[in-house]
Each structure stands twice: as C-alpha cells, then as structure tokens.
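Undergrad: Questions regarding the structure given below will be posed in turn.
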Amino acid sequence: MAKKQVIIYTDGACDGNPGRGGYGVVLFEAGSRRELSQGFRLTTNNRMELLAAVVGLEALNQPGIVTLYSDSKYLINAMNQDWASKWKDAGWVRKAGKRVPNADLWEKLLVLTKEHEVTFEWVKGHSGIRDNERADALSYAAIERDNLLEDEGYLDRLELEKEAPSNITEEGQPCRKCGTPVIKKKPKSKRKPDQAYYYAYYLYCPGCETRYMVEDAKRDLNQGKLFDM
C-alpha cells in the first residue's frame, strides 16, 4: 500500500517561560483536516514546540510521507542537522554530565521519524501563513482552558537539573534554555570611546538565539584611548 501524503503545521506557546503552555496542530491527511491542542500547568515554550510535532505524528494511524512545518528553529535545526541523533548517541548527556533538556520528547520524535518519512520545514512565524497562524492560535487558546495537564517530563527535568552546573563558559556547552550546543561569536557593534571594557566574544545558542556574556572574554580599556574600529 502506498504511503499517504501528509501535511502538518505545529506550534507551541507559553505564558511565561516556564509557565502555562500549550500546543497546536493542524493536520491534513487523505483530504481531511484535523486540529489538535492541549494546555499544561507548567512547561516551557520549547517543550510545547516539540510536543506539538510529537502529537501530530502520533495522530497518524499508518506510516506516511509527512511534511511538518514549524516556526521553531530549535526543532527544525535539531532534526535537520542531526543534533537530536547525536544527543541520543551520547546517552542524552552533555559536557560536565549535564542532561540534554527535553530528552523525553526528542526520544519520541526520533522514534516517530523512523515510522514515517518526515521532512521538517521552517516557516517564519506571524507572517500570514494561514495554517501556521491557526496552529499558533490553537496553542494560545489551549493555555486558557480549565483542563490544564501536568507536564510530567518537565517536572522530572526540574528534579534532574537541581544538581546541574548553571554557568555557560565554554563553546560546546548546552544552552541553559534549550540544550543546543553554544558557539563562539564576535560582537559586531563598535566600541564606544567612553566605555571602560568590552567583550572580545560571546557564546551564542543557534537554537533559541540566547547570548551568554563570558567573564573570560571581558577586556579592560584605558579611558581616552583611540580604538581600532
């Protein structure tokens, strides 16, 4: 039997991060259209982005050829650049023994991508793409429901992170927000003549775009010195 062509739009949202969260899914399969959503009492935006993809794929009753659209670079990059597979091969543990955040959802997603042929496509959020906008609306509406669930995976993660190191100081360490390995970048902004110090580099998360200013990168400046721009 030929596999069915499936299109899925997913989105996740949080009121506070962490905070109340929800996911939204718009699924097209065999000429039908379905919408799925659910809210949670305490979770993160990234977990809702991942859970939306998991729920969308789990909703398929037979293997399909799936194009999954999301505005989450965290999700799309991790799948398309094989970060998730590498995290799994490493036992979901990064440097200094820190566990990869959301390993429970990454594990489910990797299993589902073996059941289905999935192409992950990034779309720009809030850019007028109808079904992406609908998934976004569903995710926020789910937050306002009365039947919010407990995100057991997130609660388990909080327990595991109690002993985890909190500082990001080296390239390759997992981002504290999303777990993506950070990279080193040089600031593009010019130095101001009156500033006392600058940062020669900073650590940057390509997943959620968080910046970490590192003390070792801090450089003192002599007042009145002319700068090489």
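Residue numbering restarts at 1 for every chain of the structure tokens, chains are lettered A, B, ... in their displayed order, and ligands are numbered from 1 as they appear.
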With DSSP run on the backbone, what are the strand (DSSP E) residues within segment 42-220 of chain A? I'd like them as a PyMOL selection string.
TA: chain A and resi 42-43+64-70+117-122+183-185+197-199+202-204+211-212+218-220
Undergrad: Could you check how far atom CA of Gln81 of chain A sits from atom CA of Lys124 of chain A, in Å to one decimal?
TA: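 So the two atoms, atom CA of Gln81 of chain A and atom CA of Lys124 of chain A, lie 18.6 Å apart.
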Undergrad: Rounded to one decimal, what separation in Å do you get between atom CA of Phe28 of chain A and atom CA of Ile8 of chain A?
TA: 6.3 Å
Undergrad: When distances are computed from only C-alpha atoms, which of A:Tyr9, A:Trp106, A:Gly24, A:Gly39 shows the smallest separation from Val123 of chain A?
TA: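 Closest to Val123 of chain A of all the choices is A:Tyr9.
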Undergrad: List every residue of segment 4-228 of chain A that DSSP, applied to the backbone, labels as alpha helix (DSSP H), and write the result as an MDAnalysis selection string.
TA: chainID A and resid 45:58 73:80 83:89 103:115 130:143 152:161
Undergrad: Can I get the selection written as a compact mmCIF listing (two decimals), in the first residue's frame, with C-alpha atoms?
TA:
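The file below, selection-v2.txt, is the result:
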# COMPACT_ATOMS: atom_id res chain seq x y z
CA ASN A 45 7.92 27.07 25.05
CA ASN A 46 10.46 24.64 23.57
CA ARG A 47 8.72 21.65 25.11
CA MET A 48 5.44 22.75 23.58
CA GLU A 49 7.08 23.15 20.17
CA LEU A 50 8.44 19.61 20.41
CA LEU A 51 5.28 18.13 21.84
CA ALA A 52 3.23 19.61 19.00
CA ALA A 53 5.40 17.73 16.49
CA VAL A 54 5.19 14.51 18.52
CA VAL A 55 1.40 14.73 18.84
CA GLY A 56 0.97 15.47 15.15
CA LEU A 57 2.97 12.42 14.10
CA GLU A 58 1.38 10.18 16.73
CA LYS A 73 14.37 26.80 14.74
CA TYR A 74 15.11 24.77 17.86
CA LEU A 75 13.02 21.90 16.48
CA ILE A 76 13.89 22.26 12.80
CA ASN A 77 17.66 22.66 13.25
CA ALA A 78 17.94 19.81 15.74
CA MET A 79 16.25 17.41 13.32
CA ASN A 80 17.72 18.63 10.03
CA TRP A 83 21.72 17.25 16.65
CA ALA A 84 19.00 15.12 18.22
CA SER A 85 20.53 11.89 16.90
CA LYS A 86 23.95 12.90 18.24
CA TRP A 87 22.46 13.71 21.63
CA LYS A 88 20.86 10.27 21.71
CA ASP A 89 24.12 8.55 20.73
CA ALA A 103 15.31 14.26 26.09
CA ASP A 104 11.97 12.52 26.64
CA LEU A 105 10.40 14.38 23.72
CA TRP A 106 13.43 14.11 21.45
CA GLU A 107 13.40 10.35 22.06
CA LYS A 108 9.76 10.09 21.00
CA LEU A 109 10.34 12.28 17.95
CA LEU A 110 13.29 10.20 16.74
CA VAL A 111 11.20 7.02 17.02
CA LEU A 112 8.37 8.61 15.04
CA THR A 113 10.73 9.69 12.26
CA LYS A 114 11.60 6.03 11.76
CA GLU A 115 7.91 5.16 11.38
CA ARG A 130 -2.78 30.56 7.31
CA ASP A 131 -2.28 27.16 8.91
CA ASN A 132 0.79 28.24 10.86
CA GLU A 133 -1.26 31.12 12.24
CA ARG A 134 -4.05 28.67 13.11
CA ALA A 135 -1.65 26.36 14.96
CA ASP A 136 -0.40 29.40 16.88
CA ALA A 137 -3.96 30.41 17.78
CA LEU A 138 -4.74 26.88 18.95
CA SER A 139 -1.67 26.79 21.19
CA TYR A 140 -2.59 30.04 22.92
CA ALA A 141 -6.24 29.07 23.26
CA ALA A 142 -5.16 25.82 24.95
CA ILE A 143 -3.42 27.81 27.69
CA GLU A 152 5.44 15.18 33.81
CA GLY A 153 8.51 15.32 31.58
CA TYR A 154 9.20 18.91 32.59
CA LEU A 155 8.70 18.17 36.29
CA ASP A 156 11.15 15.27 36.02
CA ARG A 157 13.64 17.58 34.28
CA LEU A 158 13.47 20.08 37.16
CA GLU A 159 14.48 17.35 39.56
CA LEU A 160 17.39 16.28 37.36
CA GLU A 161 18.66 19.85 36.96
Undergrad: What is the distance between atom CA of Gly16 of chain A and atom CA of Glu144 of chain A, in Å to one decimal?
TA: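 Pair atom CA of Gly16 of chain A / atom CA of Glu144 of chain A returns 13.2 Å.
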Undergrad: Using only C-alpha atoms, which of the listed residues (A:Val100, A:Leu149, A:Ala13, A:Leu27) sits closest to Phe40 of chain A?
TA: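 Of all the options, A:Leu149 lies closest to Phe40 of chain A.
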Undergrad: For each of A:Cys14, A:Leu68, A:Met213, A:Cys205, take the minimum atom-to-atom distance to Glu121 of chain A, counting only C-alpha atoms, then give the residue where this is smallest.
TA: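 Ranking A:Cys14, A:Leu68, A:Met213, A:Cys205 by distance to Glu121 of chain A, first place goes to A:Leu68.
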Undergrad: Point out the residue among A:Tyr201, A:Glu117, A:Pro101, A:Lys218 with the least atom-to-atom distance to Cys175 of chain A, counting only C-alpha atoms.
TA: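 Of the candidates, the smallest distance to Cys175 of chain A is held by A:Pro101.
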Undergrad: Got a sec: who's within 8 Å of Asp151 of chain A, counting only C-alpha atoms, leaving out chain neighbours fewer than 6 positions off, as a list in words?
TA: Phe40, Arg41, Leu42 and Thr43 of chain A
Undergrad: Please produce a file of those selected residues containing N, CA and C atoms, as a PDB file, in the first residue's frame.
TA:
ATOM      1  N   PHE A  40      -1.000  22.950  29.434  1.00  0.00           N
ATOM      2  CA  PHE A  40      -0.307  22.384  30.589  1.00  0.00           C
ATOM      3  C   PHE A  40      -0.063  23.462  31.635  1.00  0.00           C
ATOM      4  N   ARG A  41      -0.059  23.037  32.899  1.00  0.00           N
ATOM      5  CA  ARG A  41       0.065  23.988  34.010  1.00  0.00           C
ATOM      6  C   ARG A  41       1.440  24.634  34.084  1.00  0.00           C
ATOM      7  N   LEU A  42       2.491  23.841  33.866  1.00  0.00           N
ATOM      8  CA  LEU A  42       3.859  24.359  33.964  1.00  0.00           C
ATOM      9  C   LEU A  42       4.731  23.638  32.952  1.00  0.00           C
ATOM     10  N   THR A  43       5.312  24.410  32.045  1.00  0.00           N
ATOM     11  CA  THR A  43       6.144  23.820  30.999  1.00  0.00           C
ATOM     12  C   THR A  43       6.990  24.930  30.386  1.00  0.00           C
TER      13      THR A  43
END
